[in-house]
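Trainee: Below is start.tsv; it holds TSV, C-alpha atoms and all ligand atoms.
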chain	number	residue	atom	x	y	z
A	1	MET	CA	173.41	90.18	98.60
A	2	ALA	CA	175.86	87.85	96.83
A	3	ASP	CA	176.20	87.86	93.08
A	4	LEU	CA	175.74	84.22	92.07
A	5	PHE	CA	175.67	84.87	88.33
A	6	GLY	CA	177.82	82.30	86.49
A	7	LYS	CA	178.38	80.02	89.50
A	8	SER	CA	178.23	76.24	89.12
A	9	LEU	CA	176.51	74.10	91.75
A	10	ILE	CA	178.04	70.63	92.19
A	11	THR	CA	177.26	70.40	95.91
A	12	THR	CA	175.92	72.86	98.47
A	13	GLN	CA	179.16	72.30	100.37
A	14	ASP	CA	180.97	74.39	97.70
A	15	TRP	CA	178.70	77.37	98.37
A	16	GLU	CA	178.77	79.86	101.25
A	17	LYS	CA	175.83	79.50	103.62
A	18	GLU	CA	174.71	83.04	102.71
A	19	TRP	CA	174.40	81.98	99.07
A	20	LEU	CA	172.23	79.03	100.05
A	21	ASP	CA	170.09	81.35	102.18
A	22	GLU	CA	169.60	83.52	99.14
A	23	VAL	CA	168.46	80.56	97.03
A	24	LEU	CA	165.98	79.56	99.73
A	25	GLU	CA	164.64	83.10	100.07
A	26	VAL	CA	164.14	83.45	96.31
A	27	ALA	CA	162.63	79.95	96.05
A	28	LYS	CA	160.07	80.74	98.75
A	29	ASP	CA	159.13	83.99	97.02
A	30	MET	CA	158.87	82.22	93.68
A	31	LYS	CA	156.54	79.68	95.27
A	32	LYS	CA	154.29	82.55	96.42
A	33	HIS	CA	154.44	84.47	93.15
A	34	ARG	CA	154.83	81.54	90.80
A	35	TYR	CA	153.50	83.06	87.56
A	36	GLU	CA	154.30	86.70	88.22
A	37	LYS	CA	156.86	89.09	86.81
A	38	PRO	CA	159.77	89.44	87.00
A	39	TYR	CA	160.11	85.68	87.48
A	40	THR	CA	158.29	84.72	84.28
A	41	GLU	CA	160.73	86.80	82.24
A	42	LEU	CA	164.11	85.94	83.71
A	43	LEU	CA	165.14	83.33	81.13
A	44	ARG	CA	163.00	84.63	78.23
A	45	ASN	CA	164.27	83.00	74.98
A	46	LYS	CA	167.12	81.29	76.87
A	47	THR	CA	167.93	77.57	76.87
A	48	PHE	CA	169.01	75.33	79.75
A	49	LEU	CA	170.74	72.21	78.44
A	50	MET	CA	170.41	68.89	80.24
A	51	PHE	CA	172.58	65.77	79.89
A	52	PHE	CA	170.87	62.77	81.44
A	53	TYR	CA	173.17	59.76	81.69
A	54	ASN	CA	170.58	58.10	83.97
A	55	PRO	CA	166.79	58.05	84.16
A	56	SER	CA	164.70	60.42	86.25
A	57	VAL	CA	161.10	61.37	86.96
A	58	ARG	CA	161.21	64.45	89.20
A	59	THR	CA	164.50	65.92	88.08
A	60	ARG	CA	163.76	66.08	84.38
A	61	GLN	CA	160.17	67.23	84.79
A	62	SER	CA	160.94	69.83	87.45
A	63	PHE	CA	163.86	71.33	85.49
A	64	GLU	CA	161.77	71.48	82.31
A	65	ALA	CA	158.90	73.09	84.19
A	66	ALA	CA	161.34	75.47	85.90
A	67	ALA	CA	162.77	76.69	82.60
A	68	THR	CA	159.27	77.11	81.15
A	69	GLU	CA	158.08	79.11	84.17
A	70	LEU	CA	161.13	81.39	83.89
A	71	GLY	CA	160.20	82.10	80.28
A	72	GLY	CA	162.81	79.82	78.70
A	73	HIS	CA	163.23	76.25	77.57
A	74	ALA	CA	165.06	73.16	78.88
A	75	GLN	CA	166.53	70.81	76.32
A	76	PHE	CA	166.86	67.09	77.14
A	77	LEU	CA	169.80	65.06	75.83
A	78	GLU	CA	170.84	61.48	76.52
A	79	PRO	CA	174.39	60.20	75.95
A	80	LYS	CA	173.08	57.55	73.56
A	81	SER	CA	172.04	60.36	71.22
A	82	MET	CA	175.40	62.13	71.57
A	83	ARG	CA	178.96	61.12	70.81
A	84	LEU	CA	180.60	61.98	74.10
A	85	LYS	CA	183.49	60.15	75.71
A	86	SER	CA	182.26	57.92	78.52
A	87	LYS	CA	183.24	54.66	80.25
A	88	GLY	CA	186.44	54.57	78.23
A	89	LYS	CA	184.58	54.92	74.88
A	90	ALA	CA	186.07	57.16	72.21
A	91	GLY	CA	184.21	60.37	71.47
A	92	GLU	CA	184.11	64.11	71.88
A	93	THR	CA	186.15	65.52	74.78
A	94	ILE	CA	184.56	67.25	77.71
A	95	GLU	CA	186.54	70.38	76.87
A	96	ASP	CA	185.02	70.58	73.38
A	97	ALA	CA	181.50	69.68	74.48
A	98	ALA	CA	181.59	72.16	77.38
A	99	ASN	CA	182.82	74.96	75.12
A	100	VAL	CA	180.20	74.33	72.47
A	101	MET	CA	177.34	73.98	74.99
A	102	SER	CA	178.41	77.35	76.40
A	103	ARG	CA	177.71	78.89	72.98
A	104	TYR	CA	174.12	77.55	72.94
A	105	GLY	CA	172.74	77.68	76.43
A	106	VAL	CA	172.83	79.69	79.64
A	107	GLY	CA	173.34	76.66	81.87
A	108	LEU	CA	174.09	72.96	81.72
A	109	GLY	CA	172.56	70.36	84.03
A	110	ILE	CA	174.16	66.92	84.30
A	111	ARG	CA	172.88	63.70	85.90
A	112	MET	CA	175.50	61.00	86.21
A	113	LEU	CA	174.85	58.18	88.68
A	114	GLU	CA	176.52	54.83	89.41
A	115	ASP	CA	175.35	52.95	86.30
A	116	ALA	CA	177.13	55.48	84.09
A	117	ILE	CA	180.53	55.25	85.79
A	118	GLU	CA	183.06	52.63	86.81
A	119	GLU	CA	184.16	53.90	90.16
A	120	TYR	CA	183.01	56.30	92.86
A	121	GLY	CA	184.10	59.87	92.21
A	122	GLN	CA	184.10	59.72	88.40
A	123	GLY	CA	180.76	61.49	88.11
A	124	ASP	CA	181.88	64.28	90.42
A	125	GLU	CA	185.10	64.63	88.46
A	126	LEU	CA	183.24	64.85	85.16
A	127	LEU	CA	180.89	67.57	86.40
A	128	ARG	CA	183.82	69.58	87.70
A	129	GLU	CA	185.57	69.21	84.35
A	130	TYR	CA	182.52	70.54	82.53
A	131	ALA	CA	182.45	73.46	84.94
A	132	LYS	CA	186.15	74.12	84.38
A	133	TYR	CA	186.00	74.19	80.58
A	134	GLY	CA	182.57	75.71	80.03
A	135	THR	CA	181.67	79.36	80.53
A	136	ILE	CA	178.12	78.68	81.73
A	137	PRO	CA	177.05	77.33	85.15
A	138	VAL	CA	177.02	73.56	85.55
A	139	ILE	CA	174.31	72.28	87.87
A	140	SER	CA	174.34	68.78	89.31
A	141	MET	CA	171.05	67.06	88.61
A	142	ALA	CA	172.30	64.21	90.92
A	143	HIS	CA	175.62	62.49	90.50
A	144	ASP	CA	177.54	59.76	92.32
A	145	LYS	CA	178.45	62.01	95.26
A	146	TYR	CA	175.86	64.74	95.63
A	147	HIS	CA	172.37	66.00	94.81
A	148	PRO	CA	172.37	69.71	95.75
A	149	CYS	CA	168.91	70.52	94.35
A	150	GLN	CA	167.42	67.71	96.43
A	151	GLY	CA	169.24	68.87	99.55
A	152	LEU	CA	167.98	72.44	99.16
A	153	SER	CA	164.43	71.20	98.54
A	154	ASP	CA	164.57	69.02	101.66
A	155	LEU	CA	165.80	71.97	103.70
A	156	MET	CA	163.18	74.31	102.25
A	157	GLY	CA	160.45	71.79	103.14
A	158	LEU	CA	161.73	71.47	106.70
A	159	GLN	CA	161.94	75.25	107.14
A	160	GLU	CA	158.38	75.63	105.83
A	161	HIS	CA	157.07	73.11	108.35
A	162	MET	CA	159.36	73.75	111.34
A	163	GLY	CA	160.67	77.30	110.96
A	164	ASP	CA	164.31	77.53	112.04
A	165	VAL	CA	165.72	74.00	112.02
A	166	LYS	CA	168.62	74.80	114.35
A	167	GLY	CA	168.71	72.40	117.31
A	168	LYS	CA	166.18	69.99	115.78
A	169	LYS	CA	167.06	66.30	115.61
A	170	ILE	CA	167.11	64.61	112.22
A	171	THR	CA	167.67	60.86	111.86
A	172	LEU	CA	168.75	59.45	108.54
A	173	MET	CA	168.07	55.74	108.65
A	174	TRP	CA	169.10	53.15	106.05
A	175	GLY	CA	166.02	51.34	104.73
A	176	TYR	CA	165.77	48.00	102.97
A	177	SER	CA	165.23	48.06	99.20
A	178	SER	CA	166.35	46.05	96.20
A	179	MET	CA	166.66	49.32	94.25
A	180	VAL	CA	170.43	49.70	94.98
A	181	ARG	CA	170.30	53.43	95.50
A	182	SER	CA	172.85	56.16	95.08
A	183	TRP	CA	174.69	58.01	97.83
A	184	SER	CA	173.93	61.37	96.22
A	185	SER	CA	170.79	62.48	98.09
A	186	VAL	CA	171.80	61.17	101.49
A	187	GLN	CA	175.32	62.59	101.35
A	188	GLU	CA	173.95	66.00	100.37
A	189	ASP	CA	171.73	66.09	103.47
A	190	ILE	CA	174.50	64.72	105.68
A	191	LEU	CA	176.54	67.78	104.75
A	192	LEU	CA	173.80	70.36	104.53
A	193	MET	CA	171.57	69.80	107.57
A	194	PRO	CA	174.37	70.12	110.17
A	195	ARG	CA	175.39	73.44	108.54
A	196	TYR	CA	171.96	74.70	109.52
A	197	GLY	CA	172.46	73.50	113.10
A	198	MET	CA	170.45	70.27	112.95
A	199	ASN	CA	171.57	67.51	115.30
A	200	PHE	CA	172.22	64.65	112.93
A	201	THR	CA	171.96	60.92	113.67
A	202	LEU	CA	172.99	58.48	110.96
A	203	ALA	CA	171.84	54.88	111.42
A	204	TYR	CA	172.69	51.93	109.20
A	205	PRO	CA	173.53	48.23	109.33
A	206	GLU	CA	177.17	47.17	109.32
A	207	GLY	CA	178.62	47.20	105.82
A	208	PHE	CA	176.75	50.24	104.49
A	209	ASP	CA	179.32	52.92	105.26
A	210	LEU	CA	179.23	56.09	103.19
A	211	ASP	CA	182.12	58.24	101.91
A	212	PRO	CA	184.43	58.80	104.94
A	213	GLU	CA	185.46	62.23	103.61
A	214	VAL	CA	181.82	63.31	103.55
A	215	ILE	CA	181.29	62.03	107.09
A	216	SER	CA	184.36	63.85	108.32
A	217	LYS	CA	183.26	67.11	106.64
A	218	ALA	CA	179.75	66.69	108.08
A	219	LYS	CA	181.20	66.38	111.59
A	220	GLU	CA	183.14	69.61	111.01
A	221	ASN	CA	179.97	71.30	109.73
A	222	ALA	CA	178.11	70.20	112.85
A	223	GLU	CA	180.85	71.43	115.17
A	224	THR	CA	180.98	74.82	113.43
A	225	ALA	CA	177.21	75.20	113.79
A	226	GLY	CA	177.15	73.99	117.42
A	227	ALA	CA	175.28	70.82	116.46
A	228	THR	CA	175.91	67.12	117.07
A	229	PHE	CA	176.68	64.33	114.61
A	230	GLU	CA	176.29	60.70	115.65
A	231	ILE	CA	176.55	57.33	113.94
A	232	THR	CA	174.86	54.19	115.23
A	233	HIS	CA	173.91	50.70	114.04
A	234	ASP	CA	170.87	50.65	116.31
A	235	ARG	CA	167.82	52.03	114.51
A	236	PHE	CA	165.61	51.97	117.61
A	237	GLU	CA	168.06	54.14	119.52
A	238	ALA	CA	168.56	56.37	116.46
A	239	VAL	CA	164.95	57.40	115.94
A	240	LYS	CA	164.26	58.16	119.62
A	241	ASP	CA	163.04	61.76	119.97
A	242	ALA	CA	163.83	62.57	116.31
A	243	GLN	CA	161.86	65.49	114.91
A	244	VAL	CA	162.64	64.49	111.33
A	245	VAL	CA	163.15	60.98	110.05
A	246	TYR	CA	164.49	60.14	106.61
A	247	ALA	CA	164.48	56.42	105.79
A	248	ARG	CA	166.04	55.37	102.52
A	249	HIS	CA	168.20	52.68	101.02
A	250	TRP	CA	171.76	53.37	99.94
A	251	MET	CA	174.16	50.92	98.34
A	252	ASN	CA	177.13	49.41	100.11
A	253	PRO	CA	180.58	50.78	99.17
A	254	LEU	CA	181.56	47.57	97.32
A	255	ARG	CA	178.77	48.00	94.77
A	256	TYR	CA	181.25	49.32	92.18
A	257	VAL	CA	183.41	46.20	92.62
A	258	ASN	CA	180.85	43.47	93.24
A	259	GLY	CA	177.87	44.81	91.28
A	260	LYS	CA	174.21	45.37	92.04
A	261	ASP	CA	173.20	41.77	92.72
A	262	ALA	CA	175.75	41.48	95.51
A	263	ASP	CA	174.31	44.67	97.04
A	264	ARG	CA	170.81	43.19	96.82
A	265	GLU	CA	172.00	40.04	98.54
A	266	LEU	CA	173.66	41.95	101.37
A	267	SER	CA	170.62	44.22	101.75
A	268	LEU	CA	168.35	41.17	102.12
A	269	LYS	CA	169.97	40.47	105.50
A	270	TYR	CA	168.46	43.71	106.75
A	271	LYS	CA	164.88	43.46	105.45
A	272	ASP	CA	163.63	44.51	108.88
A	273	TRP	CA	165.26	47.94	108.50
A	274	ARG	CA	161.98	49.61	107.56
A	275	LEU	CA	160.41	52.74	108.97
A	276	THR	CA	157.35	51.14	110.51
A	277	LYS	CA	154.60	52.82	112.51
A	278	GLU	CA	156.11	51.27	115.66
A	279	LEU	CA	159.48	52.82	114.89
A	280	HIS	CA	157.89	56.15	114.03
A	281	ASP	CA	156.07	56.05	117.38
A	282	LEU	CA	159.47	56.28	119.10
A	283	THR	CA	160.17	59.63	117.43
A	284	ASP	CA	159.02	63.03	118.60
A	285	ASN	CA	156.12	62.86	116.08
A	286	ALA	CA	158.76	63.30	113.38
A	287	TYR	CA	158.24	64.65	109.91
A	288	TYR	CA	158.95	61.95	107.37
A	289	ILE	CA	161.08	62.96	104.39
A	290	HIS	CA	162.37	61.11	101.33
A	291	PRO	CA	163.63	62.38	97.94
A	292	MET	CA	161.42	59.84	96.10
A	293	PRO	CA	160.85	57.45	94.43
A	294	VAL	CA	159.84	55.78	97.70
A	295	ASP	CA	160.08	51.98	97.91
A	296	ARG	CA	156.86	51.55	99.88
A	297	GLY	CA	156.57	48.45	102.00
A	298	ASN	CA	160.36	48.10	102.08
A	299	GLU	CA	161.98	51.39	103.10
A	300	VAL	CA	158.84	52.61	104.82
A	301	ASP	CA	155.30	51.50	105.59
A	302	ASP	CA	152.39	53.23	103.86
A	303	GLU	CA	151.06	54.15	107.28
A	304	VAL	CA	154.04	56.48	107.73
A	305	ALA	CA	154.46	57.60	104.11
A	306	ASP	CA	150.76	58.58	103.90
A	307	SER	CA	150.51	60.04	107.40
A	308	PRO	CA	149.94	63.75	108.07
A	309	ARG	CA	153.62	63.96	109.15
A	310	SER	CA	154.81	62.93	105.71
A	311	ILE	CA	156.01	65.95	103.71
A	312	ILE	CA	157.35	64.09	100.67
A	313	TYR	CA	155.06	65.81	98.16
A	314	ASP	CA	155.84	69.29	99.51
A	315	ILE	CA	159.52	68.52	99.10
A	316	ALA	CA	159.03	67.10	95.62
A	317	GLU	CA	157.21	70.33	94.70
A	318	ASN	CA	160.07	72.34	96.14
A	319	ARG	CA	162.41	70.84	93.55
A	320	LEU	CA	160.68	73.13	91.06
A	321	HIS	CA	161.03	76.26	93.21
A	322	THR	CA	164.62	75.73	94.34
A	323	GLN	CA	165.74	74.93	90.81
A	324	LYS	CA	163.98	78.04	89.49
A	325	ALA	CA	165.81	80.07	92.12
A	326	ILE	CA	169.18	78.48	91.30
A	327	MET	CA	168.67	79.04	87.57
A	328	ALA	CA	167.50	82.63	88.05
A	329	LEU	CA	170.40	83.52	90.34
A	330	THR	CA	173.14	81.80	88.34
A	331	MET	CA	171.88	82.26	84.77
A	332	ALA	CA	170.01	85.62	84.67
A	333	LYS	CA	172.09	88.72	85.24
A	334	GLY	CA	171.33	91.76	87.37
A	335	TRP	CA	167.65	91.28	88.24
A	336	ARG	CA	168.14	91.26	92.01
B	401	LIG	N1	164.62	62.77	93.76
B	401	LIG	C1	164.99	62.59	92.47
B	401	LIG	O1	166.06	63.05	92.02
B	401	LIG	O2	164.05	61.94	91.73
B	401	LIG	P1	164.25	61.40	90.26
B	401	LIG	O3	165.34	60.36	90.29
B	401	LIG	O4	162.92	60.83	89.85
B	401	LIG	O5	164.65	62.54	89.38
I need this file expressed as structure tokens, please.
Mentor:
Amino acid sequence: MADLFGKSLITTQDWEKEWLDEVLEVAKDMKKHRYEKPYTELLRNKTFLMFFYNPSVRTRQSFEAAATELGGHAQFLEPKSMRLKSKGKAGETIEDAANVMSRYGVGLGIRMLEDAIEEYGQGDELLREYAKYGTIPVISMAHDKYHPCQGLSDLMGLQEHMGDVKGKKITLMWGYSSMVRSWSSVQEDILLMPRYGMNFTLAYPEGFDLDPEVISKAKENAETAGATFEITHDRFEAVKDAQVVYARHWMNPLRYVNGKDADRELSLKYKDWRLTKELHDLTDNAYYIHPMPVDRGNEVDDEVADSPRSIIYDIAENRLHTQKAIMALTMAKGWR
């Protein structure tokens, strides 16, 4: 059993697979024994600090609930109520803030998405800087590159419904939306699912490429696990025989340069990229997953999102359990 105490989690790719297995095992047990000891005592009187540079529904609520259920408290902070350096503005350095936060809490969660940065990679850099200077674990609550808690919750949901996911086909399909969505959740799954042996198909219209380094790493992950990794611009071909289908919008790479309206305009060309019942019928009765919020009627039809094969609520619930497991393993010493 690995000792994960004190470890930061910026992406699952930074962690050994055995460590991720441990999180999933603990999360599943916590789900079964939600209000039982020792779990309810692990963070007794301890504080988890949260910096939210961007809004959230699930992430904030599930982290707050997670801290409460572990016997502690999660404290919510927004940059507008702090005096931190950001977007070139003068303020407190990361080094100082990270050191001081380490004196108050047992962990620090940070959400930093596109609207809070000027170019891709700045959010990831900032989280890693906090982790470098602080002495408590830093947990990504979604940033420009990754969303590890979402990835683990997706995987937990798939394992609950399918058992071992090795050899199963997952299709991640771009879906139309005007919401101009982050790369964080999709890139996390692109890396994580092939590590568990899932055959991964990525489908998107021309112009919506993701981070080439992530794609290259995902291909390596697939090869190591004996799985396949394919990219196509044909959504009909992509969903054929899929056992899991994940349809979601992600922004085009020029969003940082050209802004959100330009992304909306480009996306409009592909309004027909929607997971319809007809498209779902081409799959192998696939489970439908999405990190939420779902843009119903655009990314996916209600008929699919509300079908018995949709496991979006199970996965949303799993955010609570995986985050409890991550907090317990990285922030509570010697209980396992
Ligand atoms: N999936 C997810 O991170 O949801 P929120 O943006 O609502 O937190």
Trainee: Can you find the residues with an atom no farther than 12 Å from (186.5, 74.4, 87.0), counting only C-alpha atoms, and report them as a ChimeraX atom specification?
Mentor: /A:6-10,94-95,98,124-138
Trainee: Using all atoms listed in the file, can you tell me which of A:Met292, A:Ala218, A:Met162, A:Met251 comes closest to ligand LIG 401 (chain B)?
Mentor: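 With all atoms listed in the file as the atom set, the closest residue is A:Met292.
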Trainee: As a compact mmCIF listing (two decimals) with C-alpha atoms, keeping the file's coordinate frame, please: the residues near Ser216 of chain A (cut-off 12 Å, all atoms listed in the file, same-chain neighbours under 6 positions excluded).
Mentor:
# COMPACT_ATOMS: atom_id res chain seq x y z
CA GLN A 187 175.32 62.59 101.35
CA ILE A 190 174.50 64.72 105.68
CA LEU A 191 176.54 67.78 104.75
CA PRO A 194 174.37 70.12 110.17
CA LEU A 210 179.23 56.09 103.19
CA ALA A 222 178.11 70.20 112.85
CA GLU A 223 180.85 71.43 115.17
CA PHE A 229 176.68 64.33 114.61
CA GLU A 230 176.29 60.70 115.65
CA ILE A 231 176.55 57.33 113.94
Trainee: For ligand LIG 401 (chain B), take all atoms listed in the file, fit an axis-aligned box around them, add 5 Å to each of the six sides, then output centre and edge lengths in Å rounded to one decimal, as lines of an AutoDock Vina configuration file.
Mentor:
center_x = 164.5
center_y = 61.7
center_z = 91.6
size_x = 13.1
size_y = 12.7
size_z = 14.4
Trainee: Using all atoms listed in the file, which residue out of A:Ser62, A:Asn99, A:Ser153, A:Thr93 lies closest to Thr12 of chain A?
Mentor: A:Ser153
Trainee: Need to verify the contact set: Gln323 of chain A, 7 Å, only C-alpha atoms, exclusion of same-chain residues closer than 6 positions in sequence. Can you return it as a PDB file with C-alpha atoms, in the coordinates of the input?
Mentor:
ATOM      1  CA  PHE A  63     163.860  71.330  85.490  1.00  0.00           C
ATOM      2  CA  ALA A  66     161.340  75.470  85.900  1.00  0.00           C
ATOM      3  CA  CYS A 149     168.910  70.520  94.350  1.00  0.00           C
TER       4      CYS A 149
END
Trainee: Considering only C-alpha atoms and all ligand atoms, can you say which of A:Ala262, A:Met179, A:Val57, A:Leu320 comes closest to ligand LIG 401 (chain B)?
Mentor: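 Using only C-alpha atoms and all ligand atoms, the shortest distance to ligand LIG 401 (chain B) belongs to A:Val57.
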Trainee: To check your reading of the model: which residues sit at most 7 Å from ligand LIG 401 (chain B) when counting only C-alpha atoms and all ligand atoms? Write the answer as a list of chain:residue names.
Mentor: A:Pro55, A:Ser56, A:Val57, A:Arg58, A:Thr59, A:Arg60, A:Ala142, A:Gln150, A:Pro291, A:Met292, A:Pro293
Trainee: Quick one: distance from atom CA of Trp183 of chain A to atom CA of Thr68 of chain A in Å, one decimal?
Mentor: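 One can read the atom CA of Trp183 of chain A to atom CA of Thr68 of chain A distance as 29.7 Å.
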Trainee: Identify which of the residues A:Thr330, A:Thr283, A:Gln61, A:Thr47 lies closest to Ser102 of chain A, counting all atoms listed in the file when measuring atom-to-atom distances.
Mentor: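 Looking only at the distances to Ser102 of chain A, the closest residue turns out to be A:Thr47.
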Trainee: Using Å and a single decimal, report how far atom CA of Gln75 of chain A sits from atom CA of Asp96 of chain A.
Mentor: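 Distance reported for this atom pair: 18.7 Å.
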Trainee: Let me make sure I understand: among A:Tyr287, A:Tyr120, A:Tyr53, A:Tyr313, which one has the smallest atom-to-atom distance to Val257 of chain A if we use all atoms listed in the file?
Mentor: A:Tyr120
Trainee: Between atom CA of Tyr204 of chain A and atom CA of Ala238 of chain A, what is the spacing in Å?
Mentor: 9.5 Å
Trainee: Set the distance at 8 Å and use all atoms listed in the file: which residues neighbour Thr11 of chain A once local chain neighbours fewer than 5 positions away are removed? I'd like the list as a list in words.
Mentor: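 In the requested format, the answer is Ser140, Tyr146, His147, Pro148 and Glu188 of chain A.
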Trainee: Show which residues sit within 7 Å of Asp189 of chain A, as a list in words. Count only C-alpha atoms, and ignore same-chain residues fewer than 4 positions away.
Mentor: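 Contacts, in chain order: Gly151, Ser185 and Met193 of chain A.
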Trainee: Can you work out which one of A:Ala242, A:Met156, A:Leu254, A:Ala332 has the shortest atom-to-atom distance to Phe48 of chain A, counting all atoms listed in the file?
Mentor: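 Under the stated criterion, the closest residue is A:Ala332.
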Trainee: Write out as a PyMOL selection string which residues come within 8 Å of segment 171-173 of chain A when counting only C-alpha atoms, dropping same-chain ones fewer than 6 positions away.
Mentor: chain A and resi 186+200-204+235+238-239+242+244-248
Trainee: Output C-alpha atoms for every residue in the selection just made, as a compact mmCIF listing (two decimals), in the coordinates of the input.
Mentor:
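The new file again_20.txt reads:
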# COMPACT_ATOMS: atom_id res chain seq x y z
CA VAL A 186 171.80 61.17 101.49
CA PHE A 200 172.22 64.65 112.93
CA THR A 201 171.96 60.92 113.67
CA LEU A 202 172.99 58.48 110.96
CA ALA A 203 171.84 54.88 111.42
CA TYR A 204 172.69 51.93 109.20
CA ARG A 235 167.82 52.03 114.51
CA ALA A 238 168.56 56.37 116.46
CA VAL A 239 164.95 57.40 115.94
CA ALA A 242 163.83 62.57 116.31
CA VAL A 244 162.64 64.49 111.33
CA VAL A 245 163.15 60.98 110.05
CA TYR A 246 164.49 60.14 106.61
CA ALA A 247 164.48 56.42 105.79
CA ARG A 248 166.04 55.37 102.52
Trainee: Around the point (165.2, 92.2, 87.7), in the coordinates given by the file, pick out the residues reaching within 12 Å, counting only C-alpha atoms, and return them as a ChimeraX atom specification.
Mentor: /A:37-43,328-329,332-336
